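Q: To start, I am sharing the structure in question, which I have written as structure tokens.
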Amino acid sequence: MLIVAKLREIKAKDITETVAQLCQRANFELDEDVLAALKQAQQSELSPLGKEILHQLIENARVAEAKSLPLCQDCGSTVIFLEVGQDTHVVGGELEAAVSQGVSQGYTQGYLRKSMVSQPFSERKNTKDNTPPIVHTEIVPGDHIRIICLPKGAGSENMSRLAMLRPGDGREGIIDFVVRAVDEAGASPCPPLIIGLGIGATSEGAMLLAKKALLRPIGQPNPEPEIAALEKELLSRVNDLGIGPMGVGGITTALAVHAEARPTHIACLPVAINLQCSCSRHKEARL
Amino acid sequence: MEAVHITMPLDRKTIKELTVGTPVLISGTVYTARDAAHKRLIEALKNKEELPFPLKGQTIYYTGPSPARPGRAIGSAGPTTSGRMDIYTPRLLSAGVKAMIGKGGRSREVREAMQKYRAVYLIATGGAGALLAQSIKKATLVAYDDLGPEAIRMLTVDNFPAIVANDIYGNDIFEQGRAKYRKEKS
């Protein structure tokens, strides 16, 4: 018997158009969950300067959306997560080229800042359309393509950390590493932060987990109670540092800690930290 | 806390009056410069070349704005991380720069130079570039157009909100603020 797989065709041009839209929406519209977290922090913050900064961040979201202005002038490196259903077939172009073209169009049409430079340690020449994007592709069951666009600003990205802890360092080792990293980052990553943590896997696996953890709606705990408890303890410890909004002092250093854990090697305990400023931008679409 | 209205460039009297933690509303003229423009300014000083604008008494705003839509003065224009400019700053302060606007803390060398040369450092809210752009009324290209968002521009600002982070008396908002609210033992 001949089994013919039924593939759903998805046009490359639709991918391009979708990516172009997502880049702009992500830069202009702050998600409701982030806005709600900022409003709650504004209520609870004790520092008068901290409160004023939170007020400005809330106002900023209103102005950005009303005027189609980027929330932050750093419109980021464009990180794109693709979930490609195994029963799809991209037609009329190459998948990655279509995504890249979408980034180029979105950043140009939306008057977004182009921040990508070519050769990173010598030439550093602006590529003028924010390409290339950083694309992570996963093959999943189904006949759809899910596209998530996460423009990542450099201020917070520069404070990323990776530690290959000893298995014996355990939970306490993770807490010490995260608290120290946030303390040392201080005002630089634009607190209040969302702290993405990837625990386990390998070095690069942990980093990717940390970045993906940023996609979770703010404050939604990890479904595993043990990891949720770690997130809760870390949030409280980090907020006890007193760094506060923009580092001026206060009780709101982070809005949330999102941790993800995966199996690892008997000899390993990788812990990756990816910090996200309060300008937490991500938008997604399904084709 | 009531904000103090100040005008850039700052005069000596105002510089003395600006103390750490004071919210200010800035009007007047400031110049944008960030990483690549700083590198060129330092080179120009070293080679005794003519500078694109006279540094004496001026204010540098660390920002790389997004492109302006037609009919608007500027795109989003919030502060970038000042710490990346720390390696260049003492030289610029010695050449007469009196104020800087950015975000995040400064190195010990920069803080010492601010006391020595009597300059102040102000912070604006990172991630509030759309809001801050509303206080920027005019942007004129001054130099280094090839650097795109990193070019030097002269900005005319009106009630641009900031906070004094380092004054000429050696006070630092990040140290003081953190000490006040810290519960975690170091």
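In the structure tokens, chains take the letters A, B, ... in the order shown, each chain's residues start at 1, and ligands count up from 1 in the order shown.
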Could you list, as a ChimeraX atom specification, the residues of chain B having an atom within 8 Å of chain A when counting only C-alpha atoms?
A: /B:1,21,64-69,75-78,80-81,83,103-105,125-131,149,173-174,176-184
Q: Could you go through region 121-277 of chain A and tell me which residues DSSP, when run on the backbone, assigns to strand (DSSP E or B), listing them as a PyMOL selection string?
A: chain A and resi 126+134-140+145-152+161-165+193-201+254-264+269-276
Q: Those residues with N, CA and C atoms, as a compact mmCIF listing (two decimals), in the first residue's frame please?
A:
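Printed below is again-v2.txt as written:
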# COMPACT_ATOMS: atom_id res chain seq x y z
N ASN A 126 27.12 48.38 10.09
CA ASN A 126 25.68 48.18 10.23
C ASN A 126 25.11 47.54 8.95
N ILE A 134 18.21 36.06 14.51
CA ILE A 134 18.71 34.84 15.16
C ILE A 134 17.53 33.88 15.19
N VAL A 135 17.60 32.81 14.41
CA VAL A 135 16.43 31.94 14.21
C VAL A 135 16.64 30.58 14.90
N HIS A 136 15.66 30.19 15.71
CA HIS A 136 15.68 28.87 16.35
C HIS A 136 14.49 28.08 15.81
N THR A 137 14.78 26.99 15.13
CA THR A 137 13.70 26.22 14.50
C THR A 137 13.52 24.88 15.18
N GLU A 138 12.27 24.54 15.41
CA GLU A 138 11.94 23.26 16.03
C GLU A 138 10.92 22.57 15.12
N ILE A 139 11.12 21.29 14.88
CA ILE A 139 10.13 20.54 14.10
C ILE A 139 9.15 19.92 15.08
N VAL A 140 7.86 20.18 14.87
CA VAL A 140 6.84 19.68 15.80
C VAL A 140 5.76 18.93 15.02
N ILE A 145 2.76 26.48 11.05
CA ILE A 145 4.03 27.10 11.45
C ILE A 145 3.69 28.17 12.48
N ARG A 146 4.32 28.07 13.64
CA ARG A 146 4.14 29.09 14.68
C ARG A 146 5.39 29.97 14.67
N ILE A 147 5.18 31.25 14.64
CA ILE A 147 6.31 32.20 14.59
C ILE A 147 6.24 33.10 15.81
N ILE A 148 7.31 33.12 16.58
CA ILE A 148 7.39 34.03 17.73
C ILE A 148 8.54 34.99 17.48
N CYS A 149 8.26 36.28 17.63
CA CYS A 149 9.28 37.30 17.43
C CYS A 149 9.61 37.94 18.77
N LEU A 150 10.88 37.90 19.13
CA LEU A 150 11.34 38.47 20.41
C LEU A 150 12.50 39.43 20.15
N PRO A 151 12.20 40.72 19.95
CA PRO A 151 13.31 41.67 19.78
C PRO A 151 14.01 41.81 21.13
N LYS A 152 15.33 41.55 21.15
CA LYS A 152 16.04 41.51 22.44
C LYS A 152 17.03 42.66 22.52
N ARG A 161 24.53 35.26 31.67
CA ARG A 161 25.59 34.48 32.32
C ARG A 161 25.35 32.99 32.14
N LEU A 162 26.44 32.28 32.14
CA LEU A 162 26.36 30.81 32.14
C LEU A 162 27.31 30.28 33.19
N ALA A 163 26.83 29.36 34.02
CA ALA A 163 27.73 28.72 34.99
C ALA A 163 27.58 27.21 34.82
N MET A 164 28.72 26.52 34.71
CA MET A 164 28.67 25.06 34.71
C MET A 164 28.96 24.66 36.16
N LEU A 165 27.90 24.59 36.95
CA LEU A 165 28.05 24.28 38.37
C LEU A 165 28.40 22.80 38.55
N LEU A 193 13.38 43.65 36.14
CA LEU A 193 13.74 42.60 35.21
C LEU A 193 12.74 41.45 35.18
N ILE A 194 12.80 40.72 34.09
CA ILE A 194 12.24 39.38 34.06
C ILE A 194 13.47 38.49 33.92
N ILE A 195 13.61 37.53 34.82
CA ILE A 195 14.82 36.73 34.85
C ILE A 195 14.52 35.36 34.25
N GLY A 196 15.13 35.06 33.12
CA GLY A 196 14.97 33.77 32.47
C GLY A 196 16.09 32.84 32.91
N LEU A 197 15.73 31.65 33.37
CA LEU A 197 16.73 30.69 33.83
C LEU A 197 16.59 29.38 33.09
N GLY A 198 17.70 28.86 32.63
CA GLY A 198 17.72 27.52 32.03
C GLY A 198 18.61 26.64 32.87
N ILE A 199 18.05 25.59 33.38
CA ILE A 199 18.82 24.71 34.27
C ILE A 199 18.88 23.31 33.65
N GLY A 200 20.09 22.78 33.50
CA GLY A 200 20.24 21.43 32.96
C GLY A 200 20.63 21.44 31.50
N ALA A 201 20.42 20.32 30.84
CA ALA A 201 20.82 20.11 29.43
C ALA A 201 22.34 20.27 29.28
N ALA A 254 13.07 42.82 40.29
CA ALA A 254 12.55 41.92 39.25
C ALA A 254 11.04 41.81 39.38
N LEU A 255 10.38 41.64 38.23
CA LEU A 255 8.94 41.42 38.20
C LEU A 255 8.63 39.93 38.27
N ALA A 256 9.55 39.11 37.78
CA ALA A 256 9.31 37.67 37.75
C ALA A 256 10.60 36.90 37.51
N VAL A 257 10.61 35.65 37.99
CA VAL A 257 11.68 34.71 37.65
C VAL A 257 10.99 33.53 36.95
N HIS A 258 11.44 33.25 35.76
CA HIS A 258 10.89 32.11 35.00
C HIS A 258 12.00 31.08 34.81
N ALA A 259 11.86 29.92 35.42
CA ALA A 259 12.90 28.90 35.29
C ALA A 259 12.37 27.69 34.52
N GLU A 260 13.26 27.10 33.73
CA GLU A 260 12.94 25.85 33.02
C GLU A 260 14.06 24.87 33.35
N ALA A 261 13.70 23.61 33.56
CA ALA A 261 14.73 22.61 33.86
C ALA A 261 14.60 21.42 32.91
N ARG A 262 15.73 20.84 32.55
CA ARG A 262 15.75 19.67 31.66
C ARG A 262 16.78 18.67 32.19
N PRO A 263 16.64 17.42 31.77
CA PRO A 263 17.64 16.42 32.17
C PRO A 263 19.05 16.81 31.74
N THR A 264 20.04 16.35 32.50
CA THR A 264 21.42 16.69 32.16
C THR A 264 22.32 15.47 32.41
N LEU A 269 25.82 20.41 35.91
CA LEU A 269 24.68 21.21 36.36
C LEU A 269 24.80 22.61 35.72
N PRO A 270 24.45 22.69 34.41
CA PRO A 270 24.52 24.00 33.76
C PRO A 270 23.39 24.91 34.25
N VAL A 271 23.72 26.17 34.47
CA VAL A 271 22.71 27.17 34.82
C VAL A 271 22.94 28.40 33.96
N ALA A 272 21.94 28.74 33.16
CA ALA A 272 22.06 29.90 32.28
C ALA A 272 21.08 30.98 32.71
N ILE A 273 21.54 32.22 32.66
CA ILE A 273 20.70 33.36 33.01
C ILE A 273 20.57 34.25 31.79
N ASN A 274 19.32 34.54 31.41
CA ASN A 274 19.10 35.55 30.39
C ASN A 274 18.18 36.60 31.00
N LEU A 275 18.71 37.81 31.12
CA LEU A 275 17.91 38.88 31.73
C LEU A 275 17.12 39.60 30.65
N GLN A 276 15.92 40.01 31.05
CA GLN A 276 15.06 40.78 30.14
C GLN A 276 14.64 42.03 30.89
Q: Using DSSP on the backbone coordinates, identify the residues of region 82-155 of chain A assigned to alpha helix (DSSP H); present them as number ranges by chain.
A: A: 95-109, 154-155
Q: One decimal, in Å: what's the spacing between CA of Leu18 (chain B) and CA of Lys138 (chain B)?
A: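 That distance, rounded to one decimal, is 25.7 Å.
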Q: I'd like the interatomic distance between CA of Ala119 (chain B) and CA of Tyr61 (chain B), to a tenth of an Å.
A: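 Between these atoms lies a distance of 13.6 Å.
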Q: So which residues touch Val4 (chain B) within 7 Å, counting only C-alpha atoms, skipping near sequence neighbours fewer than 3 positions away, as JSON, numbers by chain?
A: {"B": [23, 24, 25]}
Q: Those residues you just picked out, can you put them in a file as a PDB file, in the first residue's frame with N, CA and C atoms?
A:
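Heads up, here's the output in part27.pdb:
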ATOM      1  N   PRO B  23      15.154  64.904  41.289  1.00  0.00           N
ATOM      2  CA  PRO B  23      14.564  64.811  39.948  1.00  0.00           C
ATOM      3  C   PRO B  23      14.674  66.164  39.248  1.00  0.00           C
ATOM      4  N   VAL B  24      15.016  66.150  37.976  1.00  0.00           N
ATOM      5  CA  VAL B  24      15.149  67.398  37.230  1.00  0.00           C
ATOM      6  C   VAL B  24      14.336  67.330  35.937  1.00  0.00           C
ATOM      7  N   LEU B  25      13.988  68.488  35.417  1.00  0.00           N
ATOM      8  CA  LEU B  25      13.371  68.596  34.095  1.00  0.00           C
ATOM      9  C   LEU B  25      14.297  69.485  33.279  1.00  0.00           C
TER      10      LEU B  25
END
Q: Please determine, counting only C-alpha atoms, which residue among B:Arg106, B:Lys56, B:Lys116, B:Arg91 has the shortest atom-to-atom distance to Asp11 (chain B).
A: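 Between B:Arg106, B:Lys56, B:Lys116, B:Arg91, the residue approaching Asp11 (chain B) most closely is B:Lys56.
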Q: Hey, which of B:Arg111, B:Arg118, B:Arg34, B:Arg40 ends up closest to Asp172 (chain B)? Count only C-alpha atoms.
A: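 Distance minimum relative to Asp172 (chain B) lands on B:Arg111.
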Q: Pick from A:Arg8, A:Lys212, A:Arg25, A:His265: nearest to Val91 (chain A), with only C-alpha atoms counted?
A: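 Of the candidates, the smallest distance to Val91 (chain A) is held by A:Arg8.
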Q: Env of Ala151 (chain B): 8 Å cut, atoms = only C-alpha atoms, seq-sep filter 2 positions within chain, self excluded. Answer as a PyMOL selection string.
A: chain B and resi 32-33+37+64+141-149+153
Q: Between CA of Leu22 (chain A) and CA of Glu9 (chain A), what is the distance, to one decimal in Å?
A: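 Distance between the two atoms: 21.2 Å.
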Q: Nearest residue to Pro9 (chain B) out of B:Lys46, B:Arg108, B:Lys98, B:Lys137, using only C-alpha atoms?
A: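 Using only C-alpha atoms, the shortest distance to Pro9 (chain B) belongs to B:Lys98.
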Q: Compare B:Thr156, B:Asn166, B:Ser94, B:Asn47 by their minimum atom-to-atom distance to Val30 (chain B), counting only C-alpha atoms, and give me the closest one.
A: B:Thr156
Q: If you count only C-alpha atoms, which residues fall within 10 Å of His89 (chain A), apart from same-chain ones fewer than 5 positions away, as number ranges by chain?
A: A: 6-12, 84, 95, 143-145
